[in-house]
Amino acid sequence: MKKEKNKNGEARLMKGNEALAEAAIRADIDAYFGYPITPQSEILEYLEREIPKRHGMVIQAESEIASINMIYGAAGAGARVMTSSSSPGISLMQEGLSYIASAQLPCLVVNVVRGGPGLGTIQPSQGDYFQATKGGGHGDYHLIVLAPASVQEMADFVFDGFRLAEKYRNPAMILTDGALGQMMEKVILPEEGSLEKVKKPWATTGKSATRDRNIITSLFIQPEKMEEVNHELQAKYKKIQDEVRFEEIQIKDAEIILVAFGLSSRICQKTVDLAREKGLRVGLLRPITLYPFPYQRLKELAGQVDFMMSVEMNAGQMVQDVKLAVEGKVPVYFKGRMGGMIPTPEDVLQEIESVFNKENVLQD
Amino acid sequence: MSIERPSSHDFPPEAEGMDLVYCRPETLTDLPFHYCPGCAHSVVHRVLMEVVDEMNIQDKTVGVAPVGCSVFAYNYMNVDMQEAAHGRATAVATGIKRVLPDRYVFTYQGDGDLAAIGTAETIHTVNRGENILMVFINNGIYGMTGGQMAPTSLLGQVTTTSPYGRQVEFAGHPIKIADLLIQLPGAYYVTRQAVHNPNAVRKLKKALTKSFQYQKEGRGTCFVEVVSNCPSGWKMTPVETIKYLEEQMFPLYPLGDLKKPEN
């Protein structure tokens with residue numbers, strides 16, 4: 001009874017992975033294809049348990065390679081489809097994602113990132129930032145990438161991801177991590193059935209007498225045609241820049257700006273508080289979309305600060321985009337932990353203080 | 001037997017008053033095949049589309065093209081189609097069929113695609129008993145990339161990547177994928193056919209018709225292997241390829257049903 005009451009609008013305590021899976025059902029996915037891998041197996045488990053009782057189709061595939069190609073087929077047939085995996089499995093999907101991007105098929109892919117490279121560790125990481133934001137597979141393409149920082153956003157971004165994917169006929173990715181997938185928080189789930197269906201006249205649903213056959217392909221053997229398709233994709237990515245989203249925390253008077261996404265941004269929020277207690281005017285810019293990236297906003301902010309610091313759970317990936325954004329106007333530093341280790345708010349504060357002291361010495 | 005004159009076909013004035021007894025199937029586009037002279041792909045394409053025509057299922061059929069010589073199958077087959085990554089055609093077909101269960105879904109794949117790079121997808125698709133038709137063109141060579149050794153190449157077969165003949169020590173034995181698939185309960189109908197003579201073509205057509213019928217009834221996976229040729233890759237004339245098929249290929253890949261419904 002209690003569960004039923006929670007269907008719409010009421011707060012629930014849920015694991016990130018399960019909130020995401022429940023949101024997928026509420027987003028009326030037609031099908032989910034996936035393969036178990038830690039730390040995201042709860043998504044497949046939840047959907048295998050719930051979908052037969054409710055609506056949609058769920059298949060446990062023989063591999064991530066099969067999963068992503070099932071996604072290709074079902075998306076090409078006009079269905080709203082999703083898969084999820086974690087880093088090594090997402091690597092296996094890269095070929096398929098390149099085909100999906102080229103064939104311009106909307107779908108949602110969730111990467112609950114774990115530490116790497118290689119088989120790595122099952123602990124949380126942000127080491128797949130490059131792979132997610134720069135294409136990942138072969139050829140010139142981009143995914144639309146959303147980075148949740150809470151269990152609430154794990155659920156909400158399923159809807160946002162599909163909205164963007166279907167609007168632009170482009171694969172979207174939720175780039176999250178093992179900690180956000182596993183941790184439990186309060187979440188208000190999106191309302192079931194509130195995500196509008198879009199018309200897909202290009203889908204392979206069977207050629208009727210009134211239209212030409214539909215072909216889903218990424219093969220354009222004539223270089224002139226292949227270049228034309230590339231121009232079309234690039235024009236689309238240009239339009240997608242309008243969808244950039246970010247959150248600003250205590251930015252107004254900030255002299256130091258931290259840039260962090262996902263779990264790191266949660267840590268940095270605490271750092272901002274600790275720093276301000278010490279009289280350091282620190283603010284935080286959290287990119288919500290990693291592609292498109294808030295280059296423009298960071299460029300604007302470069303005028304007001306002494307330095308920026310990118311805080312990531314990797315060896316320094318997003319920091320390159322921050323540097324590109326500020327065009328050398330201010331120094332950009334990096335603080336990170338790797339291999340599944342998470343920096344503490346105090347670690348970040350210490351780094352800020354050490355840079356602050358160094359910068360002041362330089363200025364003197 | 002006469003066929004009603006299809007409106008889209010040119011019908012020369014001098015033929016007025018005559019009966020049209022043979023023409024291009026409506027569901028085959030009016031585009032010259034890019035295949036090499038003597039290659040059996042064109043015949044199999046045609047027969048498959050004849051079946052779609054005769055069963056009147058053009059509007060309910062979705063095909064999946066492979067990577068290989070028939071990568072452009074969708075240029076010839078006038079049905080909705082998807083082009084899959086190398087080896088992944090049956091995963092793509094699974095995705096289509098699972099969201100459009102009342103459509104007729106088929107894959108069309110070569111031996112490299114289905115029996116080498118796509119082996120896992122092949123086996124698991126059949127193991128799930130996906131209700132699709134898999135058309136498997138086995139000519140024992142990689143045609144499109146220029147005649148390299150295939151998983152189905154014969155022992156001793158000379159190709160560009162087995163210049164001294166296929167040797168077991170390095171390349172193993174030719175894989176008889178249909179024989180493997182019949183072990184799986186998901187496989188409903190598994191047959192090996194050819195198109196080297198008119199009788200074989202008629203038998204292939206029957207096998208394809210039955211497969212679509214079984215798909216309509218939701219029976220499980222139908223697998224139709226076509227032991228085929230490759231004049232360019234084999235470096236033979238088309239006529240020589242037929243002799244090679246009969247003398248070398250058929251003994252290893254004997255024609256006929258490997259698994260058929262009990263009744």
# chains A, B, ... in the order shown; residues from 1 in each chain; ligands from 1
>>> interface_residues(of="chain A", to="chain B", cutoff="6 Å", atoms="only C-alpha atoms", output="list in words")
Ala66, Asn69, Met70, Gly73, Ala74, Ala77, Thr204, Gly206, Lys207, Ser208, Arg213, Asn214, Ile215, Ile216 and Thr217 of chain A
>>> select_by_dssp(residues="segment 134-226 of chain A", states="helix (DSSP H, G or I)", output="ChimeraX atom specification")
/A:151-168,178-182,223-226
>>> residues_around(residues="His86 of chain B", least_positions_apart="4", cutoff="9 Å", atoms="only C-alpha atoms", output="PyMOL selection string")
chain B and resi 66-68+112-114+117-118
>>> write_last_selection(atoms="N, CA and C atoms", output="compact mmCIF listing (two decimals), in the first residue's frame")
# COMPACT_ATOMS: atom_id res chain seq x y z
N PRO B 66 24.43 -6.97 -43.95
CA PRO B 66 25.66 -7.23 -43.19
C PRO B 66 26.79 -6.32 -43.64
N VAL B 67 28.00 -6.60 -43.16
CA VAL B 67 29.19 -6.06 -43.81
C VAL B 67 29.81 -7.21 -44.57
N GLY B 68 30.07 -6.95 -45.84
CA GLY B 68 30.55 -7.97 -46.77
C GLY B 68 30.11 -7.52 -48.14
N GLY B 112 32.06 -14.62 -43.18
CA GLY B 112 32.91 -13.87 -42.25
C GLY B 112 32.07 -13.19 -41.20
N ASP B 113 30.97 -12.61 -41.66
CA ASP B 113 30.08 -11.86 -40.78
C ASP B 113 29.42 -12.78 -39.74
N LEU B 114 28.85 -13.87 -40.22
CA LEU B 114 28.02 -14.72 -39.36
C LEU B 114 28.83 -15.76 -38.58
N ILE B 117 33.37 -13.13 -37.03
CA ILE B 117 33.27 -12.00 -36.09
C ILE B 117 31.94 -11.99 -35.34
N GLY B 118 30.90 -12.56 -35.96
CA GLY B 118 29.57 -12.52 -35.33
C GLY B 118 29.15 -13.83 -34.69
>>> closest_residue(among="A:Ile100, A:Val187, A:Ala254, A:Ala302", to="Ser218 of chain A", atoms="only C-alpha atoms")
A:Ile100
>>> atom_distance(atom1="atom CA of Gly303 of chain A", atom2="atom CA of Asp242 of chain A")
22.5 Å
